[in-house]
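The file input-v9.cif comes next; it holds mmCIF, C-alpha atoms.
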data_input
#
loop_
_atom_site.group_PDB
_atom_site.id
_atom_site.type_symbol
_atom_site.label_atom_id
_atom_site.label_comp_id
_atom_site.auth_asym_id
_atom_site.auth_seq_id
_atom_site.Cartn_x
_atom_site.Cartn_y
_atom_site.Cartn_z
ATOM 1 C CA MET Y 22 0.000 0.000 0.000
ATOM 2 C CA LYS Y 23 1.242 3.497 -0.855
ATOM 3 C CA LEU Y 24 1.644 6.298 1.669
ATOM 4 C CA THR Y 25 -0.672 9.233 0.926
ATOM 5 C CA PHE Y 26 -0.638 12.772 2.290
ATOM 6 C CA GLU Y 27 -3.254 15.353 3.188
ATOM 7 C CA LYS Y 28 -2.952 18.815 4.674
ATOM 8 C CA LEU Y 29 -3.838 18.808 8.375
ATOM 9 C CA SER Y 30 -7.498 19.513 9.096
ATOM 10 C CA GLU Y 31 -10.061 19.148 11.870
ATOM 11 C CA LYS Y 32 -10.944 15.591 10.815
ATOM 12 C CA HIS Y 33 -7.384 14.398 11.542
ATOM 13 C CA LEU Y 34 -7.230 15.612 15.146
ATOM 14 C CA PRO Y 35 -8.420 12.470 16.987
ATOM 15 C CA ALA Y 36 -5.928 10.221 15.189
ATOM 16 C CA ILE Y 37 -2.948 12.549 15.438
ATOM 17 C CA LEU Y 38 -3.623 13.310 19.108
ATOM 18 C CA GLU Y 39 -3.528 9.565 19.773
ATOM 19 C CA ILE Y 40 -0.229 9.220 17.895
ATOM 20 C CA GLU Y 41 1.153 12.271 19.681
ATOM 21 C CA LYS Y 42 0.386 11.022 23.174
ATOM 22 C CA THR Y 43 1.962 7.617 22.495
ATOM 23 C CA THR Y 44 5.090 8.874 20.691
ATOM 24 C CA ASN Y 45 5.982 12.151 22.414
ATOM 25 C CA SER Y 46 6.919 12.313 26.085
ATOM 26 C CA SER Y 47 6.100 16.054 25.982
ATOM 27 C CA PRO Y 48 3.006 15.926 23.755
ATOM 28 C CA TRP Y 49 1.525 18.881 21.947
ATOM 29 C CA SER Y 50 -1.950 19.938 23.041
ATOM 30 C CA GLU Y 51 -5.026 19.787 20.830
ATOM 31 C CA GLU Y 52 -4.921 23.579 20.642
ATOM 32 C CA SER Y 53 -1.321 23.456 19.365
ATOM 33 C CA PHE Y 54 -2.442 21.268 16.471
ATOM 34 C CA ARG Y 55 -5.458 23.487 15.806
ATOM 35 C CA ASN Y 56 -3.073 26.438 15.539
ATOM 36 C CA GLU Y 57 -1.194 24.593 12.792
ATOM 37 C CA PHE Y 58 -4.103 24.510 10.371
ATOM 38 C CA ARG Y 59 -4.846 28.177 11.082
ATOM 39 C CA ASN Y 60 -1.217 29.301 10.739
ATOM 40 C CA GLN Y 61 -0.467 30.685 7.275
ATOM 41 C CA GLN Y 62 3.260 30.076 7.853
ATOM 42 C CA SER Y 63 2.760 26.358 8.571
ATOM 43 C CA ILE Y 64 3.169 23.425 6.216
ATOM 44 C CA PHE Y 65 1.641 20.419 7.966
ATOM 45 C CA TYR Y 66 0.873 17.010 6.473
ATOM 46 C CA VAL Y 67 -0.836 13.901 7.759
ATOM 47 C CA ALA Y 68 0.365 10.575 6.322
ATOM 48 C CA SER Y 69 -1.948 7.597 5.778
ATOM 49 C CA LEU Y 70 -1.709 4.012 4.621
ATOM 50 C CA GLY Y 71 -5.151 3.340 3.205
ATOM 51 C CA PRO Y 72 -7.640 4.559 5.807
ATOM 52 C CA GLU Y 73 -5.089 4.426 8.669
ATOM 53 C CA ILE Y 74 -3.381 7.656 9.733
ATOM 54 C CA ILE Y 75 0.134 6.605 10.640
ATOM 55 C CA GLY Y 76 2.056 9.832 11.066
ATOM 56 C CA PHE Y 77 2.384 13.559 10.581
ATOM 57 C CA GLY Y 78 4.890 16.335 10.313
ATOM 58 C CA GLY Y 79 5.080 20.082 10.223
ATOM 59 C CA ILE Y 80 7.301 22.976 9.249
ATOM 60 C CA TRP Y 81 7.052 26.690 9.989
ATOM 61 C CA LYS Y 82 8.187 29.076 7.289
ATOM 62 C CA VAL Y 83 10.398 31.734 8.907
ATOM 63 C CA ILE Y 84 11.528 34.199 6.227
ATOM 64 C CA ASP Y 85 13.525 31.777 4.004
ATOM 65 C CA GLU Y 86 13.939 29.018 6.599
ATOM 66 C CA ALA Y 87 11.840 25.870 6.953
ATOM 67 C CA HIS Y 88 11.856 25.091 10.681
ATOM 68 C CA VAL Y 89 10.762 21.494 11.315
ATOM 69 C CA THR Y 90 8.418 21.626 14.302
ATOM 70 C CA THR Y 91 7.359 18.002 14.646
ATOM 71 C CA VAL Y 92 7.488 14.615 12.967
ATOM 72 C CA ALA Y 93 5.823 11.537 14.438
ATOM 73 C CA VAL Y 94 5.054 8.023 13.231
ATOM 74 C CA LYS Y 95 2.981 5.381 15.008
ATOM 75 C CA GLU Y 96 5.230 3.063 16.977
ATOM 76 C CA GLU Y 97 4.162 -0.043 15.050
ATOM 77 C CA ARG Y 98 4.765 1.708 11.686
ATOM 78 C CA ARG Y 99 8.314 2.839 12.397
ATOM 79 C CA ARG Y 100 11.376 1.606 10.499
ATOM 80 C CA MET Y 101 9.326 1.330 7.291
ATOM 81 C CA GLY Y 102 10.399 4.644 5.749
ATOM 82 C CA CYS Y 103 7.326 6.641 6.802
ATOM 83 C CA GLY Y 104 9.319 9.320 8.654
ATOM 84 C CA TRP Y 105 11.583 9.648 5.613
ATOM 85 C CA GLU Y 106 8.600 10.081 3.277
ATOM 86 C CA ILE Y 107 7.022 12.678 5.584
ATOM 87 C CA MET Y 108 10.278 14.667 5.679
ATOM 88 C CA VAL Y 109 10.737 14.502 1.899
ATOM 89 C CA ARG Y 110 7.160 15.733 1.405
ATOM 90 C CA LEU Y 111 7.702 18.620 3.837
ATOM 91 C CA LEU Y 112 11.064 19.628 2.348
ATOM 92 C CA ASP Y 113 9.789 19.433 -1.227
ATOM 93 C CA GLU Y 114 6.844 21.672 -0.312
ATOM 94 C CA ALA Y 115 9.094 24.104 1.584
ATOM 95 C CA LYS Y 116 11.442 24.294 -1.407
ATOM 96 C CA GLU Y 117 8.503 24.931 -3.756
ATOM 97 C CA GLN Y 118 7.416 27.780 -1.467
ATOM 98 C CA GLY Y 119 10.820 29.470 -1.684
ATOM 99 C CA MET Y 120 12.548 28.273 1.485
ATOM 100 C CA THR Y 121 16.339 28.113 1.053
ATOM 101 C CA CYS Y 122 17.378 26.233 4.198
ATOM 102 C CA SER Y 123 15.892 24.110 6.970
ATOM 103 C CA THR Y 124 16.590 23.602 10.645
ATOM 104 C CA LEU Y 125 15.355 21.336 13.420
ATOM 105 C CA GLU Y 126 16.051 20.169 16.944
ATOM 106 C CA VAL Y 127 16.202 16.461 17.716
ATOM 107 C CA ARG Y 128 16.795 14.645 20.974
ATOM 108 C CA ALA Y 129 20.539 14.078 21.260
ATOM 109 C CA GLY Y 130 19.913 10.417 22.129
ATOM 110 C CA ASN Y 131 17.589 9.712 19.170
ATOM 111 C CA GLU Y 132 20.208 8.024 17.004
ATOM 112 C CA GLY Y 133 17.695 6.699 14.452
ATOM 113 C CA ALA Y 134 16.215 10.125 13.757
ATOM 114 C CA ILE Y 135 19.654 11.773 13.657
ATOM 115 C CA LYS Y 136 20.842 9.216 11.097
ATOM 116 C CA MET Y 137 17.741 9.808 8.957
ATOM 117 C CA TYR Y 138 18.215 13.578 9.070
ATOM 118 C CA GLU Y 139 21.890 13.199 8.130
ATOM 119 C CA MET Y 140 20.905 11.008 5.162
ATOM 120 C CA LEU Y 141 18.544 13.798 4.081
ATOM 121 C CA GLY Y 142 21.460 16.249 4.143
ATOM 122 C CA TYR Y 143 21.186 17.843 7.590
ATOM 123 C CA VAL Y 144 24.331 18.484 9.626
ATOM 124 C CA GLY Y 145 24.579 18.854 13.383
ATOM 125 C CA VAL Y 146 25.825 22.326 14.282
ATOM 126 C CA SER Y 147 25.232 22.802 18.009
ATOM 127 C CA LYS Y 148 23.423 21.557 21.097
ATOM 128 C CA ARG Y 149 20.710 23.129 23.196
ATOM 129 C CA LYS Y 150 21.446 22.041 26.756
ATOM 130 C CA ARG Y 151 18.542 20.571 28.741
ATOM 131 C CA TYR Y 152 16.124 21.501 25.908
ATOM 132 C CA TYR Y 153 13.403 18.911 26.487
ATOM 133 C CA PRO Y 154 11.190 19.643 29.496
ATOM 134 C CA ASP Y 155 10.250 16.056 30.340
ATOM 135 C CA ASN Y 156 13.754 14.728 31.046
ATOM 136 C CA LYS Y 157 16.051 17.733 30.400
ATOM 137 C CA GLU Y 158 17.728 15.903 27.509
ATOM 138 C CA ASP Y 159 19.906 17.982 25.205
ATOM 139 C CA ALA Y 160 18.742 18.745 21.670
ATOM 140 C CA LEU Y 161 21.027 18.515 18.665
ATOM 141 C CA VAL Y 162 20.445 21.499 16.369
ATOM 142 C CA MET Y 163 20.697 20.457 12.731
ATOM 143 C CA TRP Y 164 20.705 22.478 9.514
ATOM 144 C CA LEU Y 165 20.066 21.629 5.900
ATOM 145 C CA TYR Y 166 21.705 24.292 3.769
ATOM 146 C CA ASP Y 167 20.910 25.013 0.107
ATOM 147 C CA LEU Y 168 17.363 23.668 0.279
ATOM 148 C CA ASP Y 169 16.684 25.614 -2.913
ATOM 149 C CA LYS Y 170 19.087 23.201 -4.699
ATOM 150 C CA TRP Y 171 18.186 20.104 -2.642
ATOM 151 C CA GLU Y 172 16.984 16.897 -4.254
ATOM 152 C CA ALA Y 173 15.662 14.036 -2.154
ATOM 153 C CA PRO Y 174 18.352 11.358 -1.910
ATOM 154 C CA SER Y 175 17.387 7.743 -2.446
ATOM 155 C CA ARG Y 176 16.753 5.982 0.832
ATOM 156 C CA ALA Y 177 19.424 3.365 1.503
#
Would you write the structure of this file as structure tokens?
Amino acid sequence: MKLTFEKLSEKHLPAILEIEKTTNSSPWSEESFRNEFRNQQSIFYVASLGPEIIGFGGIWKVIDEAHVTTVAVKEERRRMGCGWEIMVRLLDEAKEQGMTCSTLEVRAGNEGAIKMYEMLGYVGVSKRKRYYPDNKEDALVMWLYDLDKWEAPSRA
């Protein structure tokens, strides 16, 4: 089955709130997600396999920068390339809308996500000490430069 994407809307909230509370130890509130579909500077997609919503991701457009705000995939659907496909969709859309670079923060201990971001072209540039409120874990700050010239690499 092929992964499909839709822009975030009201109808997606129950499913993404369920994913959020099971995948994020500092989950976003319902109101935070509602703000995403009202925010003109947000690019936010929901990913589905058939009728099942399996993940989502969002970017904020800040001048010429695409700031990745969140990416989540259902636990049982991880390691299947869904996070990769969500990121490629977000970056392609950001590039089409004129963004020239992208940045994100990722938990310093999330080796799988860091590896995926590196494969997409991001580089770690600094750390934010004690960034995450739930356990005070550091965040690795990563940048993808030259998004305007970026092409999605093949997933290895």
Report task. Take atom CA of Gln62 of chain Y and atom CA of Leu38 of chain Y and report the distance between them in Å, one decimal. Result ->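 Interatomic distance here is 21.3 Å.
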Requested in this report: Considering all atoms listed in the file, return as a ChimeraX atom specification whatever protein or nucleic-acid residues lie within 10 Å of segment 161-167 of chain Y, sequence-local ones (same chain, fewer than 6 positions apart) excluded.
Outcome: /Y:86-88,112,116,120-131,135,138-139,141-150,152
Query - Minimum-distance residue to Ser46 of chain Y, chosen among Y:Met137, Y:Ala93, Y:Ile80, Y:Met108 (using all atoms listed in the file) - result: Y:Ala93
Report task. To one decimal in Å, tell me the separation between atom CA of Lys28 of chain Y and atom CA of Phe54 of chain Y. Result ->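 For atom CA of Lys28 of chain Y relative to atom CA of Phe54 of chain Y, the distance reads 12.1 Å.
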Requested in this report: Using all atoms listed in the file, determine which residues lie at most 10 Å from segment 64-73 of chain Y, disregarding the query and same-chain residues fewer than 4 positions distant; provide the list as a PyMOL selection string.
Outcome: chain Y and resi 22-30+33-34+36-37+54+57-58+60+77-82+87-94+98+103-104+106-108+110-112+114-115+118
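Of the listed residues Y:Lys95, Y:Ile84, Y:Gln61, Y:Ile74, the one whose atoms come nearest to Lys42 of chain Y is Y:Lys95, with distances taken using only C-alpha atoms.
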Report task. Calculate how many Å separate atom CA of Ser53 of chain Y from atom CA of Glu97 of chain Y, rounding to one decimal. Result -> 24.5 Å
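Considering the residues Y:Arg59, Y:Ser47, Y:Lys32, Y:Trp105 and counting only C-alpha atoms, Lys136 of chain Y has its shortest atom-to-atom contact with Y:Trp105.
Considering all atoms listed in the file, the residue among Y:Leu168, Y:Ile75, Y:Asn156, Y:Arg99 positioned nearest to Ala134 of chain Y is Y:Arg99.
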Starting from the incomplete input, reconstruct N, CA and C atoms of segment 22-54 of chain Y and report them as an mmCIF file, in the coordinates of the input.
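Below you can see rebuild29.cif, which holds the result:
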data_model
loop_
_atom_site.group_PDB
_atom_site.id
_atom_site.type_symbol
_atom_site.label_atom_id
_atom_site.label_comp_id
_atom_site.auth_asym_id
_atom_site.auth_seq_id
_atom_site.Cartn_x
_atom_site.Cartn_y
_atom_site.Cartn_z
ATOM 1 N N MET Y 22 0.838 -1.183 0.000
ATOM 2 C CA MET Y 22 0.000 0.000 0.000
ATOM 3 C C MET Y 22 0.889 1.256 0.000
ATOM 4 N N LYS Y 23 0.468 2.269 -0.696
ATOM 5 C CA LYS Y 23 1.242 3.497 -0.855
ATOM 6 C C LYS Y 23 0.858 4.531 0.208
ATOM 7 N N LEU Y 24 1.856 5.220 0.711
ATOM 8 C CA LEU Y 24 1.644 6.298 1.669
ATOM 9 C C LEU Y 24 1.030 7.489 0.938
ATOM 10 N N THR Y 25 -0.040 8.051 1.503
ATOM 11 C CA THR Y 25 -0.672 9.233 0.926
ATOM 12 C C THR Y 25 -0.633 10.366 1.947
ATOM 13 N N PHE Y 26 -0.741 11.596 1.441
ATOM 14 C CA PHE Y 26 -0.638 12.772 2.290
ATOM 15 C C PHE Y 26 -1.831 13.682 2.104
ATOM 16 N N GLU Y 27 -2.236 14.309 3.206
ATOM 17 C CA GLU Y 27 -3.254 15.353 3.188
ATOM 18 C C GLU Y 27 -2.785 16.475 4.087
ATOM 19 N N LYS Y 28 -3.205 17.691 3.767
ATOM 20 C CA LYS Y 28 -2.952 18.815 4.674
ATOM 21 C C LYS Y 28 -3.753 18.584 5.951
ATOM 22 N N LEU Y 29 -3.178 18.950 7.080
ATOM 23 C CA LEU Y 29 -3.838 18.808 8.375
ATOM 24 C C LEU Y 29 -5.166 19.542 8.393
ATOM 25 N N SER Y 30 -6.198 18.878 8.917
ATOM 26 C CA SER Y 30 -7.498 19.513 9.096
ATOM 27 C C SER Y 30 -8.165 18.962 10.358
ATOM 28 N N GLU Y 31 -9.286 19.530 10.681
ATOM 29 C CA GLU Y 31 -10.061 19.148 11.870
ATOM 30 C C GLU Y 31 -10.297 17.638 11.950
ATOM 31 N N LYS Y 32 -10.600 17.021 10.816
ATOM 32 C CA LYS Y 32 -10.944 15.591 10.815
ATOM 33 C C LYS Y 32 -9.787 14.697 11.254
ATOM 34 N N HIS Y 33 -8.550 15.191 11.177
ATOM 35 C CA HIS Y 33 -7.384 14.398 11.542
ATOM 36 C C HIS Y 33 -7.060 14.435 13.035
ATOM 37 N N LEU Y 34 -7.644 15.385 13.756
ATOM 38 C CA LEU Y 34 -7.230 15.612 15.146
ATOM 39 C C LEU Y 34 -7.307 14.383 16.052
ATOM 40 N N PRO Y 35 -8.399 13.624 16.071
ATOM 41 C CA PRO Y 35 -8.420 12.470 16.987
ATOM 42 C C PRO Y 35 -7.263 11.492 16.746
ATOM 43 N N ALA Y 36 -6.988 11.188 15.499
ATOM 44 C CA ALA Y 36 -5.928 10.221 15.189
ATOM 45 C C ALA Y 36 -4.545 10.783 15.523
ATOM 46 N N ILE Y 37 -4.296 12.036 15.175
ATOM 47 C CA ILE Y 37 -2.948 12.549 15.438
ATOM 48 C C ILE Y 37 -2.723 12.814 16.933
ATOM 49 N N LEU Y 38 -3.777 13.153 17.654
ATOM 50 C CA LEU Y 38 -3.623 13.310 19.108
ATOM 51 C C LEU Y 38 -3.282 11.973 19.756
ATOM 52 N N GLU Y 39 -3.848 10.896 19.257
ATOM 53 C CA GLU Y 39 -3.528 9.565 19.773
ATOM 54 C C GLU Y 39 -2.074 9.216 19.469
ATOM 55 N N ILE Y 40 -1.634 9.473 18.251
ATOM 56 C CA ILE Y 40 -0.229 9.220 17.895
ATOM 57 C C ILE Y 40 0.680 10.078 18.765
ATOM 58 N N GLU Y 41 0.330 11.338 18.916
ATOM 59 C CA GLU Y 41 1.153 12.271 19.681
ATOM 60 C C GLU Y 41 1.336 11.815 21.117
ATOM 61 N N LYS Y 42 0.260 11.387 21.755
ATOM 62 C CA LYS Y 42 0.386 11.022 23.174
ATOM 63 C C LYS Y 42 1.145 9.711 23.378
ATOM 64 N N THR Y 43 1.221 8.874 22.348
ATOM 65 C CA THR Y 43 1.962 7.617 22.495
ATOM 66 C C THR Y 43 3.396 7.710 21.977
ATOM 67 N N THR Y 44 3.735 8.772 21.253
ATOM 68 C CA THR Y 44 5.090 8.874 20.691
ATOM 69 C C THR Y 44 5.911 10.019 21.270
ATOM 70 N N ASN Y 45 5.273 10.964 21.941
ATOM 71 C CA ASN Y 45 5.982 12.151 22.414
ATOM 72 C C ASN Y 45 5.846 12.255 23.926
ATOM 73 N N SER Y 46 6.969 12.236 24.620
ATOM 74 C CA SER Y 46 6.919 12.313 26.085
ATOM 75 C C SER Y 46 6.574 13.723 26.580
ATOM 76 N N SER Y 47 6.586 14.701 25.688
ATOM 77 C CA SER Y 47 6.100 16.054 25.982
ATOM 78 C C SER Y 47 5.103 16.420 24.879
ATOM 79 N N PRO Y 48 3.922 15.784 24.896
ATOM 80 C CA PRO Y 48 3.006 15.926 23.755
ATOM 81 C C PRO Y 48 2.445 17.330 23.572
ATOM 82 N N TRP Y 49 2.215 17.651 22.294
ATOM 83 C CA TRP Y 49 1.525 18.881 21.947
ATOM 84 C C TRP Y 49 0.070 18.761 22.384
ATOM 85 N N SER Y 50 -0.533 19.896 22.689
ATOM 86 C CA SER Y 50 -1.950 19.938 23.041
ATOM 87 C C SER Y 50 -2.815 19.959 21.777
ATOM 88 N N GLU Y 51 -4.090 19.687 21.949
ATOM 89 C CA GLU Y 51 -5.026 19.787 20.830
ATOM 90 C C GLU Y 51 -5.005 21.199 20.246
ATOM 91 N N GLU Y 52 -4.943 22.190 21.111
ATOM 92 C CA GLU Y 52 -4.921 23.579 20.642
ATOM 93 C C GLU Y 52 -3.672 23.863 19.803
ATOM 94 N N SER Y 53 -2.540 23.276 20.160
ATOM 95 C CA SER Y 53 -1.321 23.456 19.365
ATOM 96 C C SER Y 53 -1.527 22.945 17.947
ATOM 97 N N PHE Y 54 -2.176 21.799 17.809
ATOM 98 C CA PHE Y 54 -2.442 21.268 16.471
ATOM 99 C C PHE Y 54 -3.464 22.128 15.734
#
